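Trainee: First the structure, which I've put down as structure tokens, then a few questions once you've had a look.
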Amino acid sequence: MLKPLTTDIASLKLLDERLRWLSAWTIHHANHVRESDDGLKVGGHQASCASMTAIMAALYFHALGPNDRVAVKPHAGPVLHAIHYLLGSQSREALENFRGFGGAQSYPSRTKDRIPVDFSTGSVGLGVAITLFASLVQDLLTAHGKLDEADRGRFVALIGDAELDEGNIYEALIEGHKHDVRNLWWIVDYNRQSLDATSTDRMFERFDEIFRSCGWRIAELRYGKRLKAALDGAPKLKAWFEQLPNADLSALHYQGGAAWRARIEAEVGKPAETLLKAHDDDALASLFTDLGGHCMETLVDAFDAANDDVPTLFIAWTVKGFGLPFAGHKDNHAGLMNPTQLAALREGMGVREGSEWEPLEGIGDNARTGVEALIERSRVARDKRARAFGQVTVPAIPAPSGEEQSTQAAFGRILLDLSKGGSDMADRIVTTSPDVTVSTNLGAWVNQRGLFRRSEMTDVFAKAKIASAQKWSGTNKGQHIELGIAENNLFLMLAAAGLAGDLFDHRLFPIGTLYDPFIARGLDALNYACYQDARFLLVATPSGITLGPEGGAHQSINPPLIALGQPGLRHYEPAFADELAAMMETAFRLIDDPDGESTYLRLSTRNIRQVAREGDGWREGAIAGGYWLREPGADAEAAIVAMGAVMPEALAAWEELRDDIPGLGLLAITSPDLLHRGWTEAQAARWGGTRSASHIEQLLSQLGRGAGLVTIADAAPASLSWLGGVLGQRVAPLGIDKFGQTGTLADLYAAYRLDGAAITEAVAELLLPA
């Protein structure tokens, strides 16, 4: 670890005040100064910022090293912007447009803010947990020889105490203990107030026990230097103070010195007389707000003492709204100072009216030199760098051979071939799965590439010569990270590994597998990963009611609809192994492409007879979202439109009907997501004066005017039924809109109208005279 910088406490205190002013002024300007054309409240969190300014001043201008990465609690976003304004990497224009279009974002955003944001935050809890998985990725890259010790850093999460109610934090904490994570600081802004109320007293007393049991060091910063000295000399007053409920403590902070005096005189009495006589009301109020999270000496000492790789939880006691007129008030979460209150704050900080945006306004000439020196030598003073892409050559991926294959089995065979091929890309693949590695066909890959463990883990069964298909040992060269059953952890692991190129200048190709229905369980974390533009391949298998005997609890219905509305995630649902190979190759290319995105493959366990192909003409269409598996004739009256595992039923129905319905076409849909995107983009272009036709418009225009479509998917019918709106064609949608049952495929397909008979009936209905 880096040696701590020489401490200039006085200058750090001035920076604390400066951050409190700039964050408060940025929010005030957006709500009270900037013109509004819609009359809506802009909002902001002045109180949540004020409780964090000392902590963030001590971090950014003293403790952080150049390779450290920070996830800032969402509501302290304005403080982060203020820091970068002082460092010169944020503009006044962006701050003046805070929460406006194109301005500084409400919550720190990697992709939308112009400042260097390490991790996006906003959905509380997720920004905390991703630091743990990023630390694990750093360990993997170090063990693989991609990072030197000099390139390593610490991962810091700044946590609002209410965030500790989020369950995903504890799922990550347990996983981190399994993997012996290190180089983590989680700093809790313990202001004891959430949006609706003050925090429950009893629960927070248990948090340190939970973390300590997982191997973390606990550093509780309850007292500032002055308050500690005063209470150490008055033990009965100290005991009384430590028993105050959170609600009482917040109320006293809001009421001020007179209320403190009256309460102490009534409940402590004579043992507190000396301290009370030595402080007037203003001094008493100041003394009791000297908590550890506001005392610069206490913060600096605590950070310097943790200068090793032991994961550390800092519990920094603070006052919500510290230094502002509504400090401690239970309703201050989204509270805004009015112009009169802001003017008083400005005067108190020595800021001249009209000079509110001056970076060091209010700091005298004698003190300015020290403050400027701290800013100049800040080890995180850096501009936002361009994202590095195009680092890796993606090899061609051939389709595995076999007359009958499931897409899930083909996925496993493709990965096995990659594992044996020794390409640069294969060496950068990192797979992960929440305890379903074997059942999602990752087993052969892991046999070849091994589990990642910082310290060697022997395969006990292999050592005992017990036969097993899984020959898994753990070493620091392994490429598979096995997770417990927690989908949030899976998506956060994918997010962290998918940002490796940005965080560590070394692109990884993360692949995560899970059962398709459980995407919904981790959906918030998946959306969070996509919002950061993390790049990965998500393989969801098995899917649909095609998983017959497993029953409804493991059968999926709506993930294609989820994918249809998820930005930054491309959905493919192949029916055949050659389609899958083309899609995996494309997905790998998208990971290392500046205009790329992540990919979601929805696979099946159903063995399907592979189709004979002539040439490679189908490939471009499959990658674009669909192609004619059986070309329609001129002026065709109907087409069967099918996706994924039900393709055999669609093919059989086409064979049965083609002689009776001249020109009947069979359209293979590989990505309703891409087709829908292309359609809406083409519409927008036409509205803007550019004539263009989307891929799905070109495909459907090959049919006759007024032709009907029978759509079929082992998913919600709406996944494909929207195709009727493209050219105004009639649609008979077949799919799943009820929870499935157990049974054979024949039973289930008949019961839920996915069989040939249902397709035939639907085609006949479309062709009946209106």
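In the structure tokens, chains take the letters A, B, ... in the order shown, each chain's residues start at 1, and ligands count up from 1 in the order shown.
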Where does DSSP see helix (DSSP H, G or I) in segment 708-745 of chain A, if you list the residues as a list in words?
Mentor: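 After running DSSP on the backbone, segment 708-745 of chain A has helix (DSSP H, G or I) at Ala718, Ser719, Leu720, Ser721, Gly724, Gly725, Val726, Leu727 and Leu745 of chain A.
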Trainee: Write a file of the just-selected residues containing C-alpha atoms, as a PDB file, in the first residue's frame.
Mentor:
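Generated file (part_27.pdb):
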```pdb
ATOM      1  CA  ALA A 718     -46.203 -10.830 -26.824  1.00  0.00           C
ATOM      2  CA  SER A 719     -42.559 -11.685 -27.501  1.00  0.00           C
ATOM      3  CA  LEU A 720     -43.497 -12.020 -31.206  1.00  0.00           C
ATOM      4  CA  SER A 721     -47.095 -10.842 -31.588  1.00  0.00           C
ATOM      5  CA  GLY A 724     -48.214  -7.679 -36.810  1.00  0.00           C
ATOM      6  CA  GLY A 725     -47.792  -3.972 -36.221  1.00  0.00           C
ATOM      7  CA  VAL A 726     -44.800  -3.673 -38.542  1.00  0.00           C
ATOM      8  CA  LEU A 727     -46.769  -3.787 -41.812  1.00  0.00           C
ATOM      9  CA  LEU A 745     -43.166 -32.325 -24.173  1.00  0.00           C
TER      10      LEU A 745
END
```
Trainee: Could you make a table, as CSV, of the residues of segment 333-401 of chain A that have an atom within 9 Å of an atom of segment 58-77 of chain A, each with its nearest atom pair and distance in Å to one decimal, counting only C-alpha atoms, in chain and number order?
Mentor:
```
residue,atom,partner,partner_atom,distance
A:Leu374,CA,A:Phe61,CA,6.1
A:Ile375,CA,A:Phe61,CA,6.5
A:Arg377,CA,A:Phe61,CA,7.9
A:Ser378,CA,A:Phe61,CA,5.2
A:Arg379,CA,A:Pro66,CA,4.8
A:Val380,CA,A:Pro66,CA,5.1
A:Ala381,CA,A:Pro66,CA,8.1
A:Arg382,CA,A:Pro66,CA,8.7
```
Trainee: Those residues you just picked out, can you put them in a file as a compact mmCIF listing (two decimals), in the first residue's frame with N, CA and C atoms?
Mentor:
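Output (again_35.txt):
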```
# COMPACT_ATOMS: atom_id res chain seq x y z
N LEU A 374 -2.92 20.77 -1.39
CA LEU A 374 -3.64 19.50 -1.23
C LEU A 374 -4.35 19.11 -2.53
N ILE A 375 -4.98 20.08 -3.16
CA ILE A 375 -5.68 19.80 -4.42
C ILE A 375 -4.68 19.35 -5.48
N ARG A 377 -1.77 17.92 -5.21
CA ARG A 377 -1.12 16.62 -5.02
C ARG A 377 -2.11 15.47 -4.81
N SER A 378 -3.40 15.75 -4.96
CA SER A 378 -4.39 14.68 -4.84
C SER A 378 -4.05 13.56 -5.82
N ARG A 379 -3.99 12.34 -5.33
CA ARG A 379 -3.54 11.21 -6.16
C ARG A 379 -4.65 10.65 -7.04
N VAL A 380 -5.85 11.24 -6.96
CA VAL A 380 -6.92 10.82 -7.86
C VAL A 380 -7.31 11.97 -8.79
N ALA A 381 -6.46 12.95 -8.92
CA ALA A 381 -6.72 14.07 -9.83
C ALA A 381 -6.46 13.60 -11.26
N ARG A 382 -7.50 13.14 -11.93
CA ARG A 382 -7.33 12.64 -13.30
C ARG A 382 -8.57 12.96 -14.11
```
Trainee: Considering only C-alpha atoms, can you say which of A:Phe461, A:Trp260, A:Tyr515, A:Trp25 comes closest to Pro434 of chain A?
Mentor: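 Going through A:Phe461, A:Trp260, A:Tyr515, A:Trp25 one by one, the smallest distance to Pro434 of chain A is for A:Tyr515.
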Trainee: Hey, which of A:Gly328, A:Gly743, A:Gly735, A:Gly354 ends up closest to Ala247 of chain A? Count only C-alpha atoms.
Mentor: A:Gly328
Trainee: Identify which of the residues A:Gly88, A:Pro648, A:Gly145, A:Gly678 lies closest to Ile608 of chain A, counting only C-alpha atoms when measuring atom-to-atom distances.
Mentor: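 Selected residue with least distance to Ile608 of chain A: A:Pro648.
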Trainee: Write down as a list in words the residues belonging to segment 455-509 of chain A that are assigned strand (DSSP E or B) by DSSP computed on the backbone.
Mentor: Met457, Gly474, Thr475, His480, Ile481, Glu482, Leu483 and Phe509 of chain A
Trainee: Write the residues of the preceding selection, restricted to N, CA and C atoms, as a PDB file, in the first residue's frame.
Mentor:
```pdb
ATOM      1  N   MET A 457      -6.688 -25.095  -3.902  1.00  0.00           N
ATOM      2  CA  MET A 457      -7.752 -25.924  -3.354  1.00  0.00           C
ATOM      3  C   MET A 457      -7.695 -27.286  -4.036  1.00  0.00           C
ATOM      4  N   GLY A 474      -8.778 -25.970  -7.496  1.00  0.00           N
ATOM      5  CA  GLY A 474      -8.715 -24.519  -7.471  1.00  0.00           C
ATOM      6  C   GLY A 474      -7.286 -24.029  -7.391  1.00  0.00           C
ATOM      7  N   THR A 475      -6.905 -23.138  -8.302  1.00  0.00           N
ATOM      8  CA  THR A 475      -5.576 -22.537  -8.287  1.00  0.00           C
ATOM      9  C   THR A 475      -5.714 -21.062  -8.638  1.00  0.00           C
ATOM     10  N   HIS A 480     -12.603 -19.985 -13.694  1.00  0.00           N
ATOM     11  CA  HIS A 480     -14.019 -20.069 -13.340  1.00  0.00           C
ATOM     12  C   HIS A 480     -14.192 -19.653 -11.888  1.00  0.00           C
ATOM     13  N   ILE A 481     -15.115 -18.731 -11.646  1.00  0.00           N
ATOM     14  CA  ILE A 481     -15.421 -18.272 -10.292  1.00  0.00           C
ATOM     15  C   ILE A 481     -16.773 -18.845  -9.903  1.00  0.00           C
ATOM     16  N   GLU A 482     -16.731 -19.832  -9.045  1.00  0.00           N
ATOM     17  CA  GLU A 482     -17.957 -20.489  -8.605  1.00  0.00           C
ATOM     18  C   GLU A 482     -18.607 -19.665  -7.498  1.00  0.00           C
ATOM     19  N   LEU A 483     -19.910 -19.380  -7.657  1.00  0.00           N
ATOM     20  CA  LEU A 483     -20.658 -18.575  -6.702  1.00  0.00           C
ATOM     21  C   LEU A 483     -21.717 -19.423  -6.018  1.00  0.00           C
ATOM     22  N   PHE A 509     -13.468 -11.416 -20.971  1.00  0.00           N
ATOM     23  CA  PHE A 509     -14.669 -11.861 -21.654  1.00  0.00           C
ATOM     24  C   PHE A 509     -15.482 -12.692 -20.655  1.00  0.00           C
TER      25      PHE A 509
END
```
Trainee: Do you know which residues are at most 9 Å from Gly644 of chain A counting only C-alpha atoms, after dropping those on the same chain fewer than 2 positions away, and could you put them as a PyMOL selection string?
Mentor: chain A and resi 573-576+602-604+642+646-647+668-670+713-714
Trainee: Name the residues in contact with Gly224 of chain A at a cut-off of 8 Å, using only C-alpha atoms, excluding same-chain residues fewer than 2 positions from it; report them as a ChimeraX atom specification.
Mentor: /A:221-222,226-228,290-295,297-298
Trainee: Next, the residues of the selection above should be written as a compact mmCIF listing (two decimals), in the first residue's frame with N, CA and C atoms.
Mentor:
```txt
# COMPACT_ATOMS: atom_id res chain seq x y z
N LEU A 221 -15.98 4.99 14.37
CA LEU A 221 -15.56 6.37 14.59
C LEU A 221 -16.74 7.12 15.18
N ARG A 222 -16.90 6.92 16.49
CA ARG A 222 -18.07 7.52 17.14
C ARG A 222 -17.79 8.95 17.58
N ARG A 226 -12.53 16.45 20.10
CA ARG A 226 -13.00 17.30 21.20
C ARG A 226 -14.03 16.60 22.05
N LEU A 227 -15.00 15.94 21.41
CA LEU A 227 -16.06 15.28 22.17
C LEU A 227 -15.51 14.13 22.99
N LYS A 228 -14.57 13.40 22.45
CA LYS A 228 -13.98 12.29 23.19
C LYS A 228 -13.29 12.79 24.45
N ASP A 290 -19.55 17.04 17.36
CA ASP A 290 -18.18 16.64 17.01
C ASP A 290 -18.08 15.11 17.02
N LEU A 291 -18.79 14.51 16.07
CA LEU A 291 -18.78 13.06 15.94
C LEU A 291 -17.62 12.64 15.02
N GLY A 292 -17.30 11.35 15.06
CA GLY A 292 -16.12 10.87 14.35
C GLY A 292 -16.12 11.15 12.87
N GLY A 293 -17.31 11.11 12.24
CA GLY A 293 -17.41 11.32 10.81
C GLY A 293 -17.27 12.76 10.38
N HIS A 294 -17.20 13.68 11.36
CA HIS A 294 -16.99 15.09 11.05
C HIS A 294 -15.65 15.60 11.55
N CYS A 295 -14.92 14.78 12.28
CA CYS A 295 -13.65 15.21 12.87
C CYS A 295 -12.50 14.78 11.94
N GLU A 297 -9.24 14.97 12.21
CA GLU A 297 -8.16 14.22 12.85
C GLU A 297 -8.53 12.75 13.03
N THR A 298 -9.77 12.51 13.46
CA THR A 298 -10.23 11.14 13.69
C THR A 298 -10.27 10.36 12.37
```
Trainee: With only C-alpha atoms as the basis for distance, which of A:Ala762, A:Ala134, A:Leu313, A:Ala129 is at the shortest distance from Arg152 of chain A?
Mentor: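 Of the candidates, the smallest distance to Arg152 of chain A is held by A:Ala134.
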Trainee: Grab the atom CA of Asn191 of chain A to atom CA of Phe98 of chain A distance for me, in Å with one decimal place.
Mentor: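 Separating atom CA of Asn191 of chain A from atom CA of Phe98 of chain A is a distance of 24.9 Å.
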Trainee: So which residues touch Ile130 of chain A within 8 Å, counting only C-alpha atoms, skipping near sequence neighbours fewer than 4 positions away, as a list in words?
Mentor: Leu126, Ala134, Leu492, Met493, Ala495 and Ala496 of chain A
Trainee: Go ahead and dump the residues you just picked, N, CA and C atoms, as a short mmCIF file (atom, residue, chain, number, x, y, z; two decimals), in the first residue's frame.
Mentor:
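part-v9.cif was written with the following content:
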```cif
data_model
loop_
_atom_site.label_atom_id
_atom_site.label_comp_id
_atom_site.auth_asym_id
_atom_site.auth_seq_id
_atom_site.Cartn_x
_atom_site.Cartn_y
_atom_site.Cartn_z
N LEU A 126 -26.24 -1.84 -4.51
CA LEU A 126 -25.49 -2.47 -5.59
C LEU A 126 -24.11 -1.84 -5.77
N ALA A 134 -15.20 -6.33 -7.77
CA ALA A 134 -14.08 -5.71 -8.49
C ALA A 134 -12.76 -6.06 -7.84
N LEU A 492 -23.56 -8.94 -10.41
CA LEU A 492 -22.53 -8.01 -9.95
C LEU A 492 -21.13 -8.51 -10.31
N MET A 493 -20.94 -9.83 -10.27
CA MET A 493 -19.67 -10.40 -10.71
C MET A 493 -19.46 -10.14 -12.20
N ALA A 495 -20.79 -7.70 -13.88
CA ALA A 495 -20.57 -6.26 -14.04
C ALA A 495 -19.12 -5.90 -13.75
N ALA A 496 -18.58 -6.42 -12.66
CA ALA A 496 -17.20 -6.10 -12.29
C ALA A 496 -16.21 -6.64 -13.33
#
```
Trainee: Which residue, A:Ala172, A:Ala259, A:Val371, A:Ile562, has the smallest gap to Phe491 of chain A when you use only C-alpha atoms?
Mentor: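 Residue with the minimum atom-to-atom distance to Phe491 of chain A: A:Ala172.
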